[in-house]
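What follows is one structure encoded as structure tokens, with my remarks underneath.
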Protein chains: 2
Amino acid sequence: MNDRVYGGIEMGGTKVVCAIGDAPNNLLKTQFPTTNPDETIGKIIDFFKSYPHLTQLAAIGIASFGPLDLDKCSPTYGYITSTPKNAWSNINIVQMIRSRLNVPVAIDTDVNGAGLGEQIWGAARDLDTFIYLTVGTGIGGGGMVNGGLMHGLLHPEMGHIRLPHDWQKDPYSGCCPFHGDCLEGLASGKAMEFRWGQSPEKLPIEHPAWELEANYLALAINNLICTMSPQRIIVGGGLIKNPGLIPAVRRKVEFNLNGYIHSEAITKNIDRYIVAPALGDLAGVIGALELAKRN
Amino acid sequence: MNDRVYGGIEMGGTKVVCAIGDAPNNLLKTQFPTTNPDETIGKIIDFFKSYPHLTQLAAIGIASFGPLDLDKCSPTYGYITSTPKNAWSNINIVQMIRSRLNVPVAIDTDVNGAGLGEQIWGAARDLDTFIYLTVGTGIGGGGMVNGGLMHGLLHPEMGHIRLPHDWQKDPYSGCCPFHGDCLEGLASGKAMEFRWGQSPEKLPIEHPAWELEANYLALAINNLICTMSPQRIIVGGGLIKNPGLIPAVRRKVEFNLNGYIHSEAITKNIDRYIVAPALGDLAGVIGALELAKRN
């Protein structure tokens with residue numbers, strides 16, 4: 001048996017999940033709210049230092065909200081860059097953790113991390129091209145193409161695509177500070193809260209908010225399918241806790257595509273094409289562990 | 001010297017280009033209009049059979065309009081499937097050429113082919129993640145992610161993404177038979193012709209058609225950047241013959257992104273980020289030759 005263990009950190013906008021282990025069924029885990037960087041990183045360090053076999057910790061992986069600088073040649077590699085969460089702008093999170101725990105640290109976006117977790121252990125096993133979309137307080141997307149995590153120039157920012165916006169049906173102007181009515185501006189949990197005056201988990205499932213939400217997500221997924229031709233789309237995040245949302249999105253995606261994409265994966269098996277994460281809320285932190293293993 | 005030569009076929013919606021050779025500066029080339037399948041494929045066969053050293057022809061590559069079935073395990077692999085060009089639906093183009101020339105035949109989309117040509121010889125050298133977008137009679141996109149051509153489930157159909165459509169400024173309902181006002185429905189050459197009552201090459205460069213065209217292309221490119229994070233976007237096709245179009249698109253993409261993507265490739269060097277094909281109109285057929293080499 002391999003004595004090496006790995007650490008994973010899912011840095012979310014509202015909460016942090018830390019874990020030590022090597023598989024979904026073998027995890028030591030904790031979570032706490034994301035506050036300011038000093039306090040939050042202090043708690044992360046405390047968790048790992050409290051592990052009784054700390055010397056066996058081979059590496060740590062971070063799956064973080066962004067934007068991140070993932071260019072290893074950049075002087076700001078490993079930084080959270082220009083996030084709207086002001087206290088977290090220009091934070092060198094990789095260095096802060098590496099220097100205090102003295103282990104190699106890998107980093108990627110929260111959604112690439114969750115996608116990696118799903119590819120190894122969950123809903124994307126045996127796939128080489130898929131999307132992991134998260135729909136929560138914000139909206140983001142990542143995943144793999146041709147078997148590699150999506151990076152390219154930096155990393156995807158799928159929450160910021162522009163969509164048809166029928167101002168008569170939905171006069172809300174959107175909450176994205178950069179783009180107004182981009183996908184995140186119209187369909188994030190934050191947008192739902194601004195538009196309807198209450199947090200999405202308090203909106204009953206028959207509220208028209210959810211029909212509108214499904215419309216926007218289905219337009220977005222239509223665009224993702226046409227752009228990347230993924231083999232599957234995994235939709236995670238807080239808003240999918242409404243059990244009617246993903247089924248409604250599937251029907252609307254079929255309507256939007258209108259038979260144009262001739263694949264039975266979509267035309268006959270859309271229930272297996274647009275799916276919730278098999279790892280549920282653990283996808284991110286398990287993906288972070290996998291990032292550590294690959295370091 | 002290697003005596004093996006390769007054949008390339010760019011199957012376009014309006015014309016076919018055939019070439020024999022091994023590099024952009026070493027090509028024997030012909031072109032003719034795309035008519036019905038029998039006549040068109042007959043001309044393709046005649047061209048290759050007229051080559052005096054036919055026995056040296058090692059393989060042929062086809063970069064074709066689609067949709068195509070590119071799944072090698074599918075019974076309809078190598079077919080053009082449900083194209084709006086009716087006579088070409090369900091045509092087994094790979095088999096028709098392979099059986100009559102008796103050489104291996106590779107196939108990919110026109111845009112993946114052109115992207116491959118640009119990656120080997122043109123504007124995408126040294127890149128592993130980029131998009132080749134063509135804006136002509138129709139609109140399509142392909143390219144590479146992580147060093148491999150984009151396939152996934154089938155192949156991208158980037159012309160069919162949905163965009164904001166301001167019906168007051170542009171009451172035209174779009175010409176896509178599947179989706180109405182998708183990108184292709186609003187911004188293809190065919191859409192311009194329907195909207196303005198004359199073919200785009202006859203519209204003077206100061207005509208408001210071009211401002212509207214640049215708006216739609218810039219929204220589309222905004223979405224492609226946010227979805228895939230490409231290292232470069234190459235824009236080919238007939239409409240870019242208007243010399244003001246790509247520069248106008250660059251300015252509007254910067255406006256749309258509004259500083260959100262922190263990369264100097266975009267914020268400082270957009271003139272090298274959104275570019276015309278270095279191989280010009282030869283990108284497709286040269287890419288087809290490269291497909292043959294990789295067969």
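The chains in the structure tokens are called A, B, ... from first to last as shown; in each chain the residues are counted from 1, and the ligands are counted from 1 in the order shown.
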
>> Residues of chain B within 6 Å of chain A, counting only C-alpha atoms, what are they? List them as an MDAnalysis selection string.
In response: chainID B and resid 129 152:153 155:158 161 163:164 223 226:231

Show me a table, sorted first by chain and then by increasing residue number, of the residues of region 223-251 of chain B having an atom at most 7 Å from region 209-217 of chain B, each with its shortest atom pair and the distance in Å to one decimal, counting only C-alpha atoms and written as CSV.
```
residue,atom,partner,partner_atom,distance
B:Leu245,CA,B:Ala214,CA,6.3
B:Ala248,CA,B:Ala214,CA,6.1
B:Val249,CA,B:Ala214,CA,5.0
```

>> I'd like the contact shell of Ala59 (chain A) - 12 Å cut-off, only C-alpha atoms, skipping same-chain residues fewer than 2 positions apart - returned as an MDAnalysis selection string.
In response: chainID A and resid 4:9 19:22 48 54:57 61:62 94 97:98 101:107 288:295

Next, write the just-selected residues to a file, as a compact mmCIF listing (two decimals), in the first residue's frame, keeping N, CA, C and O atoms as the atom set.
```
# COMPACT_ATOMS: atom_id res chain seq x y z
N ARG A 4 1.59 7.43 0.59
CA ARG A 4 1.46 8.84 0.22
C ARG A 4 -0.01 9.21 0.19
O ARG A 4 -0.85 8.50 -0.36
N VAL A 5 -0.32 10.32 0.79
CA VAL A 5 -1.69 10.83 0.70
C VAL A 5 -1.65 12.23 0.09
O VAL A 5 -0.59 12.87 0.01
N TYR A 6 -2.79 12.66 -0.36
CA TYR A 6 -2.87 13.94 -1.05
C TYR A 6 -3.90 14.84 -0.37
O TYR A 6 -4.82 14.36 0.28
N GLY A 7 -3.69 16.13 -0.55
CA GLY A 7 -4.63 17.09 0.00
C GLY A 7 -5.37 17.80 -1.12
O GLY A 7 -4.81 18.06 -2.19
N GLY A 8 -6.63 18.08 -0.90
CA GLY A 8 -7.41 18.82 -1.88
C GLY A 8 -8.12 19.99 -1.23
O GLY A 8 -8.58 19.89 -0.08
N ILE A 9 -8.16 21.11 -1.94
CA ILE A 9 -8.85 22.30 -1.43
C ILE A 9 -9.79 22.79 -2.52
O ILE A 9 -9.35 23.12 -3.62
N ALA A 19 -9.82 18.42 2.05
CA ALA A 19 -9.86 16.97 2.25
C ALA A 19 -8.47 16.39 2.15
O ALA A 19 -7.60 16.93 1.46
N ILE A 20 -8.30 15.28 2.82
CA ILE A 20 -7.07 14.49 2.72
C ILE A 20 -7.51 13.07 2.41
O ILE A 20 -8.47 12.57 3.00
N GLY A 21 -6.84 12.45 1.46
CA GLY A 21 -7.24 11.09 1.11
C GLY A 21 -6.80 10.74 -0.29
O GLY A 21 -5.93 11.39 -0.87
N ASP A 22 -7.42 9.69 -0.84
CA ASP A 22 -7.04 9.29 -2.18
C ASP A 22 -8.20 8.81 -3.03
O ASP A 22 -8.01 8.43 -4.18
N PHE A 48 -4.70 21.13 7.61
CA PHE A 48 -3.67 20.19 7.15
C PHE A 48 -2.63 19.94 8.24
O PHE A 48 -2.15 18.81 8.40
N LEU A 54 1.15 14.14 8.81
CA LEU A 54 1.44 15.25 7.90
C LEU A 54 2.62 14.97 6.98
O LEU A 54 2.63 15.38 5.82
N THR A 55 3.60 14.26 7.47
CA THR A 55 4.80 14.02 6.65
C THR A 55 4.49 13.14 5.44
O THR A 55 5.28 13.07 4.51
N GLN A 56 3.35 12.44 5.45
CA GLN A 56 2.97 11.61 4.29
C GLN A 56 2.26 12.41 3.20
O GLN A 56 1.96 11.87 2.14
N LEU A 57 1.95 13.66 3.49
CA LEU A 57 1.22 14.48 2.52
C LEU A 57 2.15 14.82 1.35
O LEU A 57 3.14 15.53 1.50
N GLY A 61 -3.67 19.94 -4.03
CA GLY A 61 -4.29 20.52 -5.22
C GLY A 61 -5.36 21.52 -4.81
O GLY A 61 -6.06 21.30 -3.82
N ILE A 62 -5.46 22.60 -5.56
CA ILE A 62 -6.48 23.62 -5.28
C ILE A 62 -7.37 23.75 -6.51
O ILE A 62 -6.88 23.94 -7.62
N VAL A 94 -1.31 30.00 -4.24
CA VAL A 94 -0.39 28.86 -4.33
C VAL A 94 0.79 29.05 -3.38
O VAL A 94 1.13 28.17 -2.58
N ILE A 97 0.08 28.83 0.44
CA ILE A 97 -0.11 27.48 0.97
C ILE A 97 1.18 26.66 0.88
O ILE A 97 1.57 25.98 1.83
N ARG A 98 1.88 26.79 -0.22
CA ARG A 98 3.13 26.04 -0.38
C ARG A 98 4.15 26.42 0.68
O ARG A 98 4.81 25.57 1.28
N LEU A 101 3.08 24.97 4.18
CA LEU A 101 2.98 23.51 4.37
C LEU A 101 4.16 22.76 3.76
O LEU A 101 4.34 21.56 3.99
N ASN A 102 4.91 23.48 2.94
CA ASN A 102 6.14 22.92 2.39
C ASN A 102 5.90 21.64 1.57
O ASN A 102 6.62 20.65 1.71
N VAL A 103 4.87 21.68 0.75
CA VAL A 103 4.59 20.59 -0.20
C VAL A 103 4.31 21.21 -1.56
O VAL A 103 3.94 22.39 -1.64
N PRO A 104 4.48 20.45 -2.63
CA PRO A 104 4.10 20.97 -3.95
C PRO A 104 2.60 21.28 -3.99
O PRO A 104 1.80 20.55 -3.39
N VAL A 105 2.25 22.35 -4.68
CA VAL A 105 0.84 22.77 -4.76
C VAL A 105 0.46 22.94 -6.23
O VAL A 105 1.13 23.67 -6.97
N ALA A 106 -0.61 22.27 -6.65
CA ALA A 106 -1.15 22.43 -8.00
C ALA A 106 -2.43 23.24 -7.92
O ALA A 106 -3.11 23.23 -6.90
N ILE A 107 -2.75 23.95 -8.99
CA ILE A 107 -3.98 24.74 -8.97
C ILE A 107 -4.65 24.70 -10.34
O ILE A 107 -3.98 24.59 -11.38
N ALA A 288 -9.72 18.38 -6.82
CA ALA A 288 -8.52 19.02 -6.27
C ALA A 288 -7.50 17.96 -5.84
O ALA A 288 -6.29 18.11 -6.07
N LEU A 289 -7.97 16.89 -5.24
CA LEU A 289 -7.06 15.78 -4.89
C LEU A 289 -6.39 15.21 -6.14
O LEU A 289 -5.20 14.89 -6.13
N GLU A 290 -7.17 15.07 -7.21
CA GLU A 290 -6.60 14.54 -8.45
C GLU A 290 -5.57 15.50 -9.03
O GLU A 290 -4.56 15.09 -9.61
N LEU A 291 -5.83 16.81 -8.91
CA LEU A 291 -4.82 17.79 -9.35
C LEU A 291 -3.52 17.58 -8.58
O LEU A 291 -2.43 17.67 -9.14
N ALA A 292 -3.63 17.31 -7.28
CA ALA A 292 -2.43 17.07 -6.47
C ALA A 292 -1.69 15.83 -6.96
O ALA A 292 -0.46 15.84 -7.10
N LYS A 293 -2.43 14.77 -7.27
CA LYS A 293 -1.79 13.53 -7.73
C LYS A 293 -1.04 13.73 -9.03
O LYS A 293 -0.02 13.10 -9.29
N ARG A 294 -1.60 14.59 -9.89
CA ARG A 294 -0.99 14.82 -11.20
C ARG A 294 0.14 15.81 -11.16
O ARG A 294 0.76 16.10 -12.19
N ASN A 295 0.36 16.39 -10.02
CA ASN A 295 1.31 17.51 -9.92
C ASN A 295 2.71 17.12 -10.39
O ASN A 295 3.20 16.08 -10.05
```

>> Please report the interatomic distance between CA of Thr76 (chain A) and CA of Met96 (chain A) in Å with one decimal.
In response: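 We find that CA of Thr76 (chain A) and CA of Met96 (chain A) lie 12.8 Å from each other.
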
> What residues in region 145-244 of chain A get the DSSP label strand (DSSP E)? Please answer as a ChimeraX atom specification.
Replying inline: /A:145,148-149,233-236

> A:Glu254, A:Asp108, A:Asp3, A:Glu193: which is nearest Ala63 (chain A), counting only C-alpha atoms?
Replying inline: A:Asp108

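Here the question is which of B:Tyr273, B:Thr109, B:Ala58, B:Gly117 gets nearest to Gly78 (chain B) using only C-alpha atoms, and that residue is B:Thr109.
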
> Near Ser64 (chain A), counting only C-alpha atoms, which residues have an atom at most 6 Å away, once you skip same-chain residues fewer than 3 positions from it, shown as a ChimeraX atom specification?
Replying inline: /A:10-11,109-110

> By how many Å are CA of Ala276 (chain A) and CA of Trp196 (chain A) apart?
Replying inline: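 Atom-to-atom, CA of Ala276 (chain A) and CA of Trp196 (chain A) are spaced 25.1 Å apart.
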